[in-house]
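Here is the structure we will look at, set down as structure tokens.
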Amino acid sequence: MSLKYRLMATFIGLVAFSTAGHAVTLDWDGVTWTPGSLSNSYDVDPTKPGNDVTLSLTGDTGQFAPKNGFTMPSIQNFIEGGLSPVQNALVLHLDLANASQSVTMSVNFSAQYGAGVSNVSFTIFDVDFSSGGFQDQLRSITALSIDGTTLIAPTITTSSANQLSGTGLNQVVTGMTGNTDTGATSGNGNVTISFGAAAIKSFTLTYGSGSNAPANPTTQGIAMHDLTFTPVPEINPAWSTIASCLIAAGLILRHSSHARRK
């Protein structure tokens, strides 16, 4: 390939994508959640107008119970996840009537992200176990690909108070030992969940009880810390047109060069 065509290919590669990837964070220290509400949307991406992410809770939501005098779910900082200084997180505190009950968290990203989002990552605090009291469990943790059909498996990192089992789309995190809500060791109940480079439009997870929970568990709770994601760059139609024109011009120049050599 001649220098001319190599330069043209390089230029096309540089301009084909008009929107550079940029990390976006849903930071619970910078937003609000009406205590007790089950769905909220947030505008956290300055490059996109309107709401960028919506978080909803379904299932046995009637089992949400107050904690420390606050209606749940709500944004609080009394489940610390080992952070110093302490930060806010979305607290889910339940009084399940039986071990089969659960709530499901669904996070949907704006349709304005036409190519989806990637590098989705967040940490759940305080997934633990209390003998004769409760056993926290996270399950059905999957993301939906931008194609609207394919399910994406998570990458999960656990801590000393919990344990990962299963593989792929069937991964389950279960609390195995007790964990304190506050202080330096409160991070022992942390679970980090990410979906890597996959382009997704949403994800879900279910919070409930493990098999060692009593028939009627005592109150139990977890907290979701900040959510980060990166919008997948989209092709700008204007740049796409320019690239097509450059390719066409290159073909014409190549044809002309061949014609002169005959």
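Simple scheme: letters A, B, ... for chains in structure tokens order, numbers from 1 for residues in each chain, numbers from 1 for ligands in the order shown.
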Checklist entry - Could you pull the residues within 9 Å of stretch 108-118 of chain A, counting only C-alpha atoms, minus those fewer than 2 positions along the same chain, as a ChimeraX atom specification? => result /A:48-56,106,120-121,145-146,195-204,229-234
Checklist entry - Could you pull out all residues of stretch 101-228 of chain A with a DSSP call of helix (DSSP H, G or I) and give them as an NGL selection string? => result :A and (168-170 or 184-189)
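Residue nearest A:Thr192, chosen from A:Val91, A:Ala215, A:Ala23, A:Leu138 and counting only C-alpha atoms: A:Leu138.
Here atom CA of A:Gly189 stands at a distance of 12.1 Å from atom CA of A:Leu83.
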Checklist entry - Hey, what's within 10 Å of A:Pro66 if we count only C-alpha atoms and toss same-chain stuff fewer than 3 positions away? As a list in words, please? => result Pro35, Gly36, Gln63, Gly69, Phe70, Thr71, Met72, Pro73, Ser74, Leu92, His93, Leu94, Asp95 and Thr219 of chain A
Atoms kept (all heavy atoms) for selection, written as a short mmCIF file (atom, residue, chain, number, x, y, z; two decimals), in the first residue's frame:
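Okay, this is what ended up in part_39.cif:
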```
data_model
loop_
_atom_site.label_atom_id
_atom_site.label_comp_id
_atom_site.auth_asym_id
_atom_site.auth_seq_id
_atom_site.Cartn_x
_atom_site.Cartn_y
_atom_site.Cartn_z
N PRO A 35 -37.06 8.68 49.80
CA PRO A 35 -37.11 7.47 50.62
C PRO A 35 -38.42 6.69 50.39
O PRO A 35 -39.51 7.26 50.40
CB PRO A 35 -37.02 8.01 52.05
CG PRO A 35 -36.24 9.27 51.91
CD PRO A 35 -36.71 9.87 50.62
N GLY A 36 -38.28 5.41 50.16
CA GLY A 36 -39.44 4.56 49.93
C GLY A 36 -39.85 4.43 48.48
O GLY A 36 -40.64 3.54 48.14
N GLN A 63 -41.84 -5.67 51.46
CA GLN A 63 -41.05 -6.14 52.60
C GLN A 63 -39.91 -5.18 52.97
O GLN A 63 -39.13 -5.48 53.87
CB GLN A 63 -40.48 -7.53 52.31
CG GLN A 63 -41.53 -8.58 51.97
CD GLN A 63 -42.66 -8.64 52.98
OE1 GLN A 63 -43.83 -8.47 52.64
NE2 GLN A 63 -42.32 -8.85 54.25
N GLY A 69 -34.27 4.35 61.59
CA GLY A 69 -35.30 5.39 61.56
C GLY A 69 -35.61 5.94 60.18
O GLY A 69 -36.45 6.83 60.05
N PHE A 70 -34.97 5.40 59.14
CA PHE A 70 -35.17 5.90 57.77
C PHE A 70 -36.00 4.91 56.96
O PHE A 70 -35.78 3.70 57.02
CB PHE A 70 -33.84 6.14 57.07
CG PHE A 70 -33.02 7.24 57.67
CD1 PHE A 70 -32.04 6.95 58.61
CD2 PHE A 70 -33.24 8.56 57.30
CE1 PHE A 70 -31.27 7.96 59.17
CE2 PHE A 70 -32.48 9.57 57.85
CZ PHE A 70 -31.50 9.28 58.79
N THR A 71 -36.94 5.45 56.15
CA THR A 71 -37.73 4.62 55.24
C THR A 71 -36.83 4.09 54.13
O THR A 71 -35.95 4.79 53.62
CB THR A 71 -38.87 5.47 54.63
OG1 THR A 71 -39.70 5.96 55.69
CG2 THR A 71 -39.72 4.64 53.68
N MET A 72 -37.05 2.85 53.78
CA MET A 72 -36.24 2.19 52.75
C MET A 72 -37.06 1.92 51.49
O MET A 72 -38.27 1.72 51.59
CB MET A 72 -35.69 0.88 53.30
CG MET A 72 -34.70 1.04 54.43
SD MET A 72 -33.15 1.73 53.86
CE MET A 72 -32.92 3.07 55.03
N PRO A 73 -36.38 1.85 50.33
CA PRO A 73 -34.96 2.15 50.12
C PRO A 73 -34.68 3.65 50.19
O PRO A 73 -35.57 4.47 49.93
CB PRO A 73 -34.71 1.61 48.71
CG PRO A 73 -36.04 1.71 48.03
CD PRO A 73 -37.06 1.44 49.08
N SER A 74 -33.43 4.01 50.51
CA SER A 74 -33.03 5.41 50.53
C SER A 74 -31.52 5.51 50.47
O SER A 74 -30.81 4.52 50.68
CB SER A 74 -33.57 6.13 51.78
OG SER A 74 -32.99 5.62 52.96
N LEU A 92 -30.81 -0.98 50.66
CA LEU A 92 -31.99 -1.83 50.57
C LEU A 92 -32.07 -2.62 51.86
O LEU A 92 -31.17 -3.43 52.15
CB LEU A 92 -31.90 -2.79 49.38
CG LEU A 92 -31.49 -2.21 48.02
CD1 LEU A 92 -31.51 -3.31 46.96
CD2 LEU A 92 -32.38 -1.06 47.61
N HIS A 93 -33.11 -2.41 52.66
CA HIS A 93 -33.24 -3.09 53.94
C HIS A 93 -34.59 -3.78 53.97
O HIS A 93 -35.64 -3.16 53.78
CB HIS A 93 -33.13 -2.09 55.09
CG HIS A 93 -33.00 -2.73 56.43
ND1 HIS A 93 -33.96 -2.63 57.42
CD2 HIS A 93 -32.01 -3.49 56.96
CE1 HIS A 93 -33.57 -3.29 58.49
NE2 HIS A 93 -32.39 -3.82 58.24
N LEU A 94 -34.58 -5.12 54.18
CA LEU A 94 -35.77 -5.94 54.04
C LEU A 94 -36.11 -6.70 55.31
O LEU A 94 -35.22 -7.07 56.08
CB LEU A 94 -35.56 -6.95 52.91
CG LEU A 94 -35.36 -6.41 51.50
CD1 LEU A 94 -34.85 -7.53 50.59
CD2 LEU A 94 -36.65 -5.83 50.95
N ASP A 95 -37.39 -6.96 55.48
CA ASP A 95 -37.86 -7.90 56.50
C ASP A 95 -38.71 -8.93 55.77
O ASP A 95 -39.93 -8.83 55.68
CB ASP A 95 -38.69 -7.18 57.57
CG ASP A 95 -39.09 -8.10 58.72
OD1 ASP A 95 -38.67 -9.27 58.70
OD2 ASP A 95 -39.83 -7.65 59.60
N THR A 219 -34.53 -9.03 59.82
CA THR A 219 -34.22 -7.96 58.87
C THR A 219 -32.80 -8.11 58.34
O THR A 219 -31.90 -8.58 59.04
CB THR A 219 -34.39 -6.58 59.52
OG1 THR A 219 -33.56 -6.50 60.68
CG2 THR A 219 -35.83 -6.33 59.90
#
```
Item to check | Surrounding residues of A:Thr167 excluding itself and chain neighbours under 5 positions, 12 Å, only C-alpha atoms, as a PyMOL selection string | outcome: chain A and resi 139-142+152-156+172-173
Checklist entry - Just asking: which residues within stretch 87-234 of chain A are strand (DSSP E or B) according to DSSP, as number ranges by chain? => result A: 89-94, 103-109, 117-125, 129-130, 134-145, 151-152, 155-157, 162-165, 172-175, 191-194, 200-209, 220-224, 227-231
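When only C-alpha atoms are used to compute distances to A:Thr182, the closest of the residues A:Val86, A:Ile75, A:Val24, A:Val31 turns out to be A:Val86.
Minimum distance to A:Gly133 across A:Thr185, A:Thr47, A:Thr61, A:Thr177 (counting only C-alpha atoms) occurs at A:Thr177.
Taking atom CA of A:Leu57 and atom CA of A:Ser39 as the two end points, the separation is 6.3 Å.
Here atom CA of A:Thr158 stands at a distance of 28.6 Å from atom CA of A:Gly62.
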Checklist entry - Any idea what's packed within 7 Å of A:Asp60, counting only C-alpha atoms, ignoring anything in its chain fewer than 5 positions away? Could you give it as a ChimeraX atom specification? => result /A:101-103
Using the selection just defined, write its residues with C-alpha atoms as a PDB file, in the first residue's frame.
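This is the output file part.pdb:
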```
ATOM      1  CA  GLN A 101     -39.138 -13.711  48.874  1.00  0.00           C
ATOM      2  CA  SER A 102     -36.782 -11.319  47.059  1.00  0.00           C
ATOM      3  CA  VAL A 103     -36.481  -8.000  45.275  1.00  0.00           C
TER       4      VAL A 103
END
```
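For the residues A:Thr123, A:Asn40, A:Gly178, A:Asp45, ranking by smallest atom-to-atom distance to A:Gln220 using only C-alpha atoms places A:Gly178 first.
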